[in-house]
file my_file-v6.txt (compact mmCIF, C-alpha atoms)
# COMPACT_ATOMS: atom_id res chain seq x y z
CA MET A 1 0.00 0.00 0.00
CA LYS A 2 1.50 3.31 -1.09
CA LEU A 3 1.30 6.38 1.12
CA SER A 4 0.07 9.65 -0.28
CA SER A 5 2.41 12.65 -0.40
CA SER A 6 0.65 14.32 2.55
CA ALA A 7 0.92 11.15 4.62
CA LYS A 8 4.61 10.85 3.81
CA LYS A 9 5.13 14.47 4.79
CA GLN A 10 3.29 13.94 8.07
CA GLU A 11 5.34 10.82 8.80
CA SER A 12 8.54 12.74 8.11
CA VAL A 13 7.58 15.59 10.42
CA PHE A 14 6.43 13.43 13.32
CA GLY A 15 9.01 10.73 12.69
CA HIS A 16 12.53 11.74 11.72
CA LYS A 17 12.34 15.42 12.67
CA ALA A 18 10.60 14.87 15.98
CA VAL A 19 13.00 12.22 17.29
CA PRO A 20 15.88 14.63 18.23
CA TYR A 21 13.48 16.91 20.10
CA LEU A 22 12.02 13.91 21.88
CA PHE A 23 15.45 12.85 23.12
CA ILE A 24 16.46 16.30 24.37
CA ALA A 25 13.05 17.04 25.91
CA PRO A 26 13.93 15.54 29.35
CA PHE A 27 17.05 17.70 29.58
CA ILE A 28 15.17 20.84 28.53
CA ILE A 29 12.39 20.18 31.04
CA PHE A 30 14.95 19.46 33.78
CA PHE A 31 16.93 22.61 32.92
CA ILE A 32 13.83 24.82 33.00
CA ILE A 33 12.55 23.44 36.32
CA VAL A 34 15.85 23.11 38.20
CA TYR A 35 17.91 26.01 36.77
CA LEU A 36 16.01 28.52 34.66
CA TYR A 37 12.92 28.99 36.85
CA PRO A 38 14.89 29.31 40.13
CA PHE A 39 17.23 31.81 38.44
CA PHE A 40 14.44 34.20 37.43
CA GLN A 41 12.64 33.59 40.72
CA THR A 42 15.82 34.55 42.61
CA ILE A 43 16.05 37.80 40.64
CA LEU A 44 12.43 38.55 41.54
CA MET A 45 12.92 37.67 45.22
CA SER A 46 15.94 39.98 45.48
CA PHE A 47 13.54 42.93 45.09
CA GLN A 48 11.09 41.66 47.70
CA ARG A 49 10.72 41.32 51.45
CA ILE A 50 9.45 37.83 52.24
CA ASP A 51 7.85 37.37 55.66
CA GLY A 52 6.03 34.19 54.71
CA PRO A 53 4.37 32.44 51.78
CA ASN A 54 1.51 34.95 51.75
CA HIS A 55 3.41 37.98 53.03
CA ILE A 56 5.53 39.19 50.14
CA THR A 57 6.19 42.91 49.68
CA TRP A 58 7.89 44.63 46.75
CA ILE A 59 10.66 46.86 48.16
CA GLY A 60 12.72 47.66 45.06
CA THR A 61 16.48 47.89 45.57
CA SER A 62 16.33 48.09 49.37
CA ASN A 63 17.93 44.64 49.77
CA TYR A 64 20.89 45.69 47.65
CA THR A 65 21.23 48.97 49.54
CA LYS A 66 21.28 47.20 52.91
CA LEU A 67 23.63 44.59 51.51
CA PHE A 68 26.37 47.00 50.48
CA LYS A 69 26.10 48.81 53.82
CA ASP A 70 26.52 45.57 55.79
CA ARG A 71 30.06 45.23 57.16
CA ASN A 72 29.69 41.43 57.37
CA PHE A 73 29.02 41.28 53.63
CA SER A 74 32.14 43.27 52.74
CA GLN A 75 34.21 41.17 55.15
CA SER A 76 32.88 37.92 53.68
CA LEU A 77 33.49 39.22 50.16
CA MET A 78 37.13 40.09 50.95
CA THR A 79 37.65 36.68 52.56
CA THR A 80 36.25 35.01 49.45
CA PHE A 81 38.40 37.11 47.09
CA ARG A 82 41.53 36.38 49.09
CA TYR A 83 40.75 32.69 49.18
CA ALA A 84 39.85 32.54 45.45
CA ILE A 85 43.08 34.29 44.40
CA TRP A 86 45.31 31.91 46.34
CA ASP A 87 43.15 29.01 45.24
CA VAL A 88 43.69 29.85 41.57
CA ILE A 89 47.42 30.45 42.00
CA ILE A 90 48.09 27.20 43.85
CA LEU A 91 45.56 24.84 42.27
CA THR A 92 46.66 25.72 38.74
CA THR A 93 50.44 25.74 39.16
CA VAL A 94 51.21 22.95 41.65
CA PRO A 95 49.07 20.27 39.91
CA LEU A 96 50.59 21.25 36.54
CA ILE A 97 54.13 20.78 37.84
CA VAL A 98 53.24 17.46 39.47
CA ALA A 99 51.46 16.27 36.30
CA CYS A 100 54.52 17.09 34.19
CA ILE A 101 56.74 15.12 36.59
CA LEU A 102 54.40 12.11 36.62
CA ASN A 103 54.04 12.21 32.83
CA SER A 104 57.76 12.55 32.17
CA GLY A 105 58.39 8.81 32.35
CA TYR A 106 61.18 9.20 34.90
CA VAL A 107 58.97 8.47 37.91
CA LYS A 108 58.52 4.84 38.87
CA PHE A 109 55.05 3.68 39.95
CA SER A 110 53.48 6.83 38.47
CA ALA A 111 50.07 5.12 38.38
CA PHE A 112 50.31 4.55 42.14
CA PHE A 113 51.08 8.23 42.79
CA LYS A 114 48.19 9.28 40.54
CA SER A 115 45.85 7.22 42.71
CA VAL A 116 47.37 8.62 45.91
CA PHE A 117 46.80 12.20 44.75
CA PHE A 118 43.25 11.46 43.59
CA ILE A 119 42.03 9.62 46.72
CA PRO A 120 41.41 12.83 48.78
CA ALA A 121 38.81 13.92 46.21
CA LEU A 122 36.77 10.86 47.20
CA THR A 123 36.94 11.73 50.90
CA SER A 124 33.96 13.26 52.66
CA THR A 125 34.37 17.02 53.03
CA ILE A 126 32.97 16.94 56.56
CA VAL A 127 35.41 14.21 57.63
CA ALA A 128 38.33 16.07 56.02
CA GLY A 129 37.29 19.28 57.79
CA ILE A 130 37.13 17.57 61.17
CA VAL A 131 40.57 16.00 60.66
CA PHE A 132 42.12 19.32 59.69
CA ARG A 133 40.38 21.07 62.58
CA LEU A 134 41.96 18.58 65.00
CA ALA A 135 45.36 18.78 63.27
CA PHE A 136 45.36 22.59 63.54
CA GLY A 137 43.69 22.74 66.94
CA THR A 138 44.45 24.99 69.86
CA LEU A 139 46.01 22.28 72.04
CA ASP A 140 49.76 21.99 72.38
CA THR A 141 49.46 18.34 71.35
CA SER A 142 47.88 19.10 67.96
CA ILE A 143 49.99 18.09 64.96
CA ALA A 144 50.57 21.65 63.72
CA ASN A 145 51.66 22.92 67.14
CA ARG A 146 53.96 19.95 67.61
CA VAL A 147 55.64 20.84 64.32
CA LEU A 148 56.06 24.42 65.57
CA ALA A 149 57.57 23.10 68.80
CA LEU A 150 60.24 21.25 66.79
CA PHE A 151 61.44 24.63 65.49
CA GLY A 152 61.21 26.30 68.89
CA LYS A 153 58.04 28.23 68.05
CA PRO A 154 55.18 28.72 70.54
CA PRO A 155 51.81 27.09 69.84
CA ARG A 156 49.10 29.18 68.25
CA ASP A 157 45.36 29.18 67.71
CA TRP A 158 45.40 28.48 63.98
CA LEU A 159 41.70 28.89 63.32
CA MET A 160 41.26 32.01 65.46
CA HIS A 161 43.44 34.33 63.34
CA ALA A 162 42.51 35.43 59.83
CA ASP A 163 45.88 34.76 58.15
CA SER A 164 46.52 31.32 59.62
CA ALA A 165 42.86 30.32 59.22
CA ASN A 166 42.99 31.24 55.54
CA PHE A 167 46.20 29.20 55.22
CA VAL A 168 44.52 26.12 56.73
CA LEU A 169 41.49 26.56 54.47
CA ILE A 170 43.68 26.78 51.35
CA LEU A 171 45.71 23.78 52.52
CA LEU A 172 42.53 21.74 52.94
CA THR A 173 41.35 22.69 49.45
CA LEU A 174 44.74 21.91 47.93
CA TRP A 175 44.79 18.51 49.61
CA ARG A 176 41.30 17.65 48.38
CA TRP A 177 41.32 18.93 44.78
CA MET A 178 44.94 18.78 43.61
CA GLY A 179 44.50 15.20 42.40
CA VAL A 180 41.54 16.13 40.20
CA ASN A 181 43.50 18.88 38.45
CA ILE A 182 46.47 16.53 38.05
CA VAL A 183 44.23 14.12 36.13
CA TYR A 184 43.03 16.98 33.90
CA TYR A 185 46.59 18.08 33.15
CA ILE A 186 47.86 14.56 32.49
CA SER A 187 45.07 14.00 29.96
CA GLY A 188 46.15 17.20 28.20
CA LEU A 189 49.83 16.30 28.30
CA GLN A 190 49.20 12.85 26.86
CA ALA A 191 47.35 14.43 23.92
CA ILE A 192 50.49 16.34 22.84
CA PRO A 193 52.20 14.54 19.90
CA PRO A 194 55.56 13.03 20.96
CA GLU A 195 57.05 14.37 17.73
CA LEU A 196 56.98 17.88 19.17
CA TYR A 197 59.19 16.83 22.08
CA GLU A 198 61.51 15.00 19.68
CA ALA A 199 61.82 18.09 17.50
CA ALA A 200 62.55 20.22 20.56
CA GLN A 201 65.18 17.69 21.64
CA ILE A 202 66.86 17.88 18.24
CA ASP A 203 66.90 21.67 18.44
CA GLY A 204 68.74 21.40 21.75
CA ALA A 205 65.92 22.44 24.09
CA ASN A 206 66.34 21.60 27.75
CA ALA A 207 63.59 20.38 30.10
CA LEU A 208 62.53 23.91 31.09
CA GLN A 209 62.32 25.05 27.45
CA LYS A 210 60.26 21.98 26.56
CA PHE A 211 57.85 22.87 29.33
CA PHE A 212 57.34 26.49 28.25
CA TYR A 213 57.37 25.97 24.49
CA VAL A 214 55.76 22.53 24.11
CA SER A 215 53.92 21.38 27.23
CA LEU A 216 52.38 24.70 28.29
CA PRO A 217 50.96 25.64 24.85
CA GLY A 218 49.76 22.04 24.44
CA VAL A 219 47.72 22.07 27.64
CA LYS A 220 46.39 25.61 27.19
CA PRO A 221 42.76 24.47 26.61
CA VAL A 222 42.98 22.33 29.75
CA LEU A 223 44.60 25.20 31.64
CA ILE A 224 41.73 27.53 30.69
CA TYR A 225 39.22 24.93 31.87
CA VAL A 226 41.05 24.32 35.15
CA ILE A 227 41.28 28.05 35.91
CA THR A 228 37.59 28.51 35.09
CA ILE A 229 36.37 25.74 37.40
CA THR A 230 38.85 26.82 40.09
CA VAL A 231 37.45 30.36 40.01
CA LEU A 232 33.93 28.97 40.27
CA GLY A 233 34.93 26.66 43.11
CA GLY A 234 36.77 29.44 44.93
CA PHE A 235 33.80 31.80 44.95
CA ALA A 236 31.28 29.01 45.63
CA MET A 237 33.28 27.45 48.48
CA PHE A 238 31.05 26.67 51.44
CA THR A 239 31.27 23.07 52.66
CA GLU A 240 34.97 23.21 53.52
CA SER A 241 34.44 26.42 55.49
CA VAL A 242 31.51 24.99 57.46
CA ALA A 243 33.43 21.79 58.20
CA LEU A 244 36.57 23.62 59.32
CA PHE A 245 35.05 26.47 61.32
CA THR A 246 32.06 26.79 63.59
CA GLN A 247 28.87 27.92 61.90
CA LYS A 248 28.86 31.13 63.92
CA TYR A 249 32.20 32.19 62.37
CA ALA A 250 33.70 33.93 65.39
CA GLY A 251 34.80 37.39 64.30
CA GLY A 252 33.83 36.54 60.72
CA ILE A 253 36.96 34.38 60.29
CA GLY A 254 36.48 31.76 57.59
CA ARG A 255 33.07 33.06 56.53
CA THR A 256 32.81 33.16 52.73
CA ILE A 257 30.20 34.92 50.67
CA VAL A 258 28.18 31.70 50.31
CA GLY A 259 28.39 31.19 54.08
CA TYR A 260 27.12 34.74 54.55
CA MET A 261 24.25 34.05 52.14
CA TYR A 262 23.39 30.90 54.10
CA GLN A 263 23.35 32.79 57.40
CA VAL A 264 21.18 35.60 56.04
CA GLY A 265 18.74 33.28 54.33
CA PHE A 266 18.27 30.60 57.01
CA TYR A 267 19.46 32.02 60.34
CA LYS A 268 17.95 35.46 59.84
CA SER A 269 15.10 34.22 57.58
CA ASN A 270 15.72 37.04 55.13
CA LEU A 271 15.29 35.24 51.82
CA GLY A 272 15.02 38.47 49.85
CA MET A 273 18.43 39.73 50.96
CA ALA A 274 19.93 36.25 50.52
CA SER A 275 18.66 36.29 46.93
CA ALA A 276 20.36 39.65 46.43
CA VAL A 277 23.62 38.14 47.70
CA GLY A 278 23.25 35.32 45.17
CA ILE A 279 22.71 37.75 42.28
CA VAL A 280 25.73 39.86 43.29
CA LEU A 281 27.85 36.70 43.55
CA LEU A 282 26.68 35.59 40.10
CA ILE A 283 27.66 38.94 38.57
CA ILE A 284 31.08 38.85 40.24
CA VAL A 285 31.83 35.28 39.09
CA LEU A 286 30.70 35.97 35.51
CA THR A 287 32.80 39.14 35.39
CA VAL A 288 35.93 37.48 36.77
CA ASN A 289 35.59 34.49 34.44
CA LEU A 290 34.98 36.73 31.44
CA ILE A 291 38.10 38.78 32.20
CA GLN A 292 40.10 35.58 32.67
CA LEU A 293 38.89 34.10 29.38
CA ILE A 294 39.66 37.30 27.47
CA ALA A 295 43.12 37.56 29.07
CA MET A 296 43.93 33.99 28.06
CA GLY A 297 42.78 34.53 24.48
CA PHE A 298 39.80 32.20 24.64
CA PHE A 299 37.81 34.35 22.20
CA ARG A 300 40.77 35.08 19.95
CA LYS A 301 40.70 33.39 16.56
CA GLU A 302 43.73 31.28 15.83
CA ASN A 303 45.46 31.99 12.56
call {"tool": "encode", "arguments": {"input": "my_file-v6.txt", "output": "C-alpha cells"}}
result
Amino acid sequence: MKLSSSAKKQESVFGHKAVPYLFIAPFIIFFIIVYLYPFFQTILMSFQRIDGPNHITWIGTSNYTKLFKDRNFSQSLMTTFRYAIWDVIILTTVPLIVACILNSGYVKFSAFFKSVFFIPALTSTIVAGIVFRLAFGTLDTSIANRVLALFGKPPRDWLMHADSANFVLILLTLWRWMGVNIVYYISGLQAIPPELYEAAQIDGANALQKFFYVSLPGVKPVLIYVITITVLGGFAMFTESVALFTQKYAGGIGRTIVGYMYQVGFYKSNLGMASAVGIVLLIIVLTVNLIQLIAMGFFRKEN
C-alpha cells in the first residue's frame, strides 16, 4: 500500500524530525525546572521582602542597599576574594608541575602516585574538615603545634586568626582537589604529539624550554578549563568552610560569601536579601571568568 504525499510528509515531520526533540526534551524540562525557573525567581525575590508564603512585599532595591552597607558582607566578600586568588594560583600551578613530573616517564610507579593524589577527592568534606580542625587545633598536642615546637616556636590558635585560618582553608582545598587537576593536566599532556618533544630535543631544548614551548601551549585548553572551574569553586566554596570552622564564624573568620548568604537566608530568615547576595555573587563570578577568558585569548581566533 502506497502512502500519499501528505501522509509521507506527516510521517517525516512526526518521525525523523521529531526524534531529536524527543530525546532532548527531558534535559530541557529538567533545565527549565531546576535552573532557569529558580534563576528568574531569585532575581524577583531579590527585590522583595518575604515574611512568609503569603506575606511578600515589593521593596525595590532596598535589599541591595542594605547589603552593600553591611560590614559582614564586605568582610565575607574580601575573605572570598583572598581565598579565590590563592586558590587559583596554587591549584593551577602545583598540579601542573606534578602532572609534568608524573608524565615525564622518569617516575617509577606513576600510576600509584596518581591514585594517591586522587584519593582525597573521594573523601567526605565533613570528615576532612574535622581531621584538619583537629590537626590545627588549639592544644599543644595538635599536629601543627607539635611541628612548631620542633622549630622552637610557641603554639598558636590556627583557626582564630585570619591569616593562619585562611592558610589552613587553602591547605585543605589543595589537599582535596589537587588530584583532580592533576588528572586533567595529564590528559592534556598525553594528547600532545611526541614528535613535538623529539623536535625540541633535536633543536637542543632543555627540560625547562620543553615545558614552556611545548607542554604549556599544548595544555592551554585544559589550563583555561582548570582556571575557570577553580574560580567557580573558589567563589562558591562553602562546605569546607563549614566543616573547618564553627557555623557562627567567630569574628567573621572563615566566613565566605556563600556562608554569609546561608546565614542571612536561614538564620535570619531574610530570603530576599539572601537572593540579592546570590545575584551579586553571580555577577562577580561571571565578570571574573569573562576577564580571565579574554586575558587567556579564549575568544581570539587562531590563525
call {"tool": "residues_around", "arguments": {"input": "my_file-v6.txt", "residues": "Ile257 (chain A)", "least_positions_apart": "5", "cutoff": "12 Å", "atoms": "all atoms listed in the file", "output": "ChimeraX atom specification"}}
result
/A:67,72-84,234-238,241,252,262-264,274,276-282,284-285
call {"tool": "atom_distance", "arguments": {"input": "my_file-v6.txt", "atom1": "CA of Gly137 (chain A)", "atom2": "CA of Val168 (chain A)"}}
result
10.8 Å
call {"tool": "closest_residue", "arguments": {"input": "my_file-v6.txt", "among": "A:Ala200, A:Ala205, A:Leu232, A:Leu150", "to": "Val258 (chain A)", "atoms": "only C-alpha atoms"}}
result
A:Leu232
call {"tool": "atom_distance", "arguments": {"input": "my_file-v6.txt", "atom1": "CA of Ile170 (chain A)", "atom2": "CA of Asp87 (chain A)"}}
result
6.5 Å
call {"tool": "residues_around", "arguments": {"input": "my_file-v6.txt", "residues": "Leu216 (chain A)", "least_positions_apart": "6", "cutoff": "9 Å", "atoms": "only C-alpha atoms", "output": "number ranges by chain"}}
result
A: 189, 210, 223
call {"tool": "atom_distance", "arguments": {"input": "my_file-v6.txt", "atom1": "CA of Ala128 (chain A)", "atom2": "CA of Ile143 (chain A)"}}
result
14.8 Å
call {"tool": "residues_around", "arguments": {"input": "my_file-v6.txt", "residues": "Thr61 (chain A)", "least_positions_apart": "3", "cutoff": "9 Å", "atoms": "only C-alpha atoms", "output": "ChimeraX atom specification"}}
result
/A:46-48,64-66
call {"tool": "closest_residue", "arguments": {"input": "my_file-v6.txt", "among": "A:Met178, A:Ile119, A:Leu22, A:Val131", "to": "Thr230 (chain A)", "atoms": "all atoms listed in the file"}}
result
A:Met178
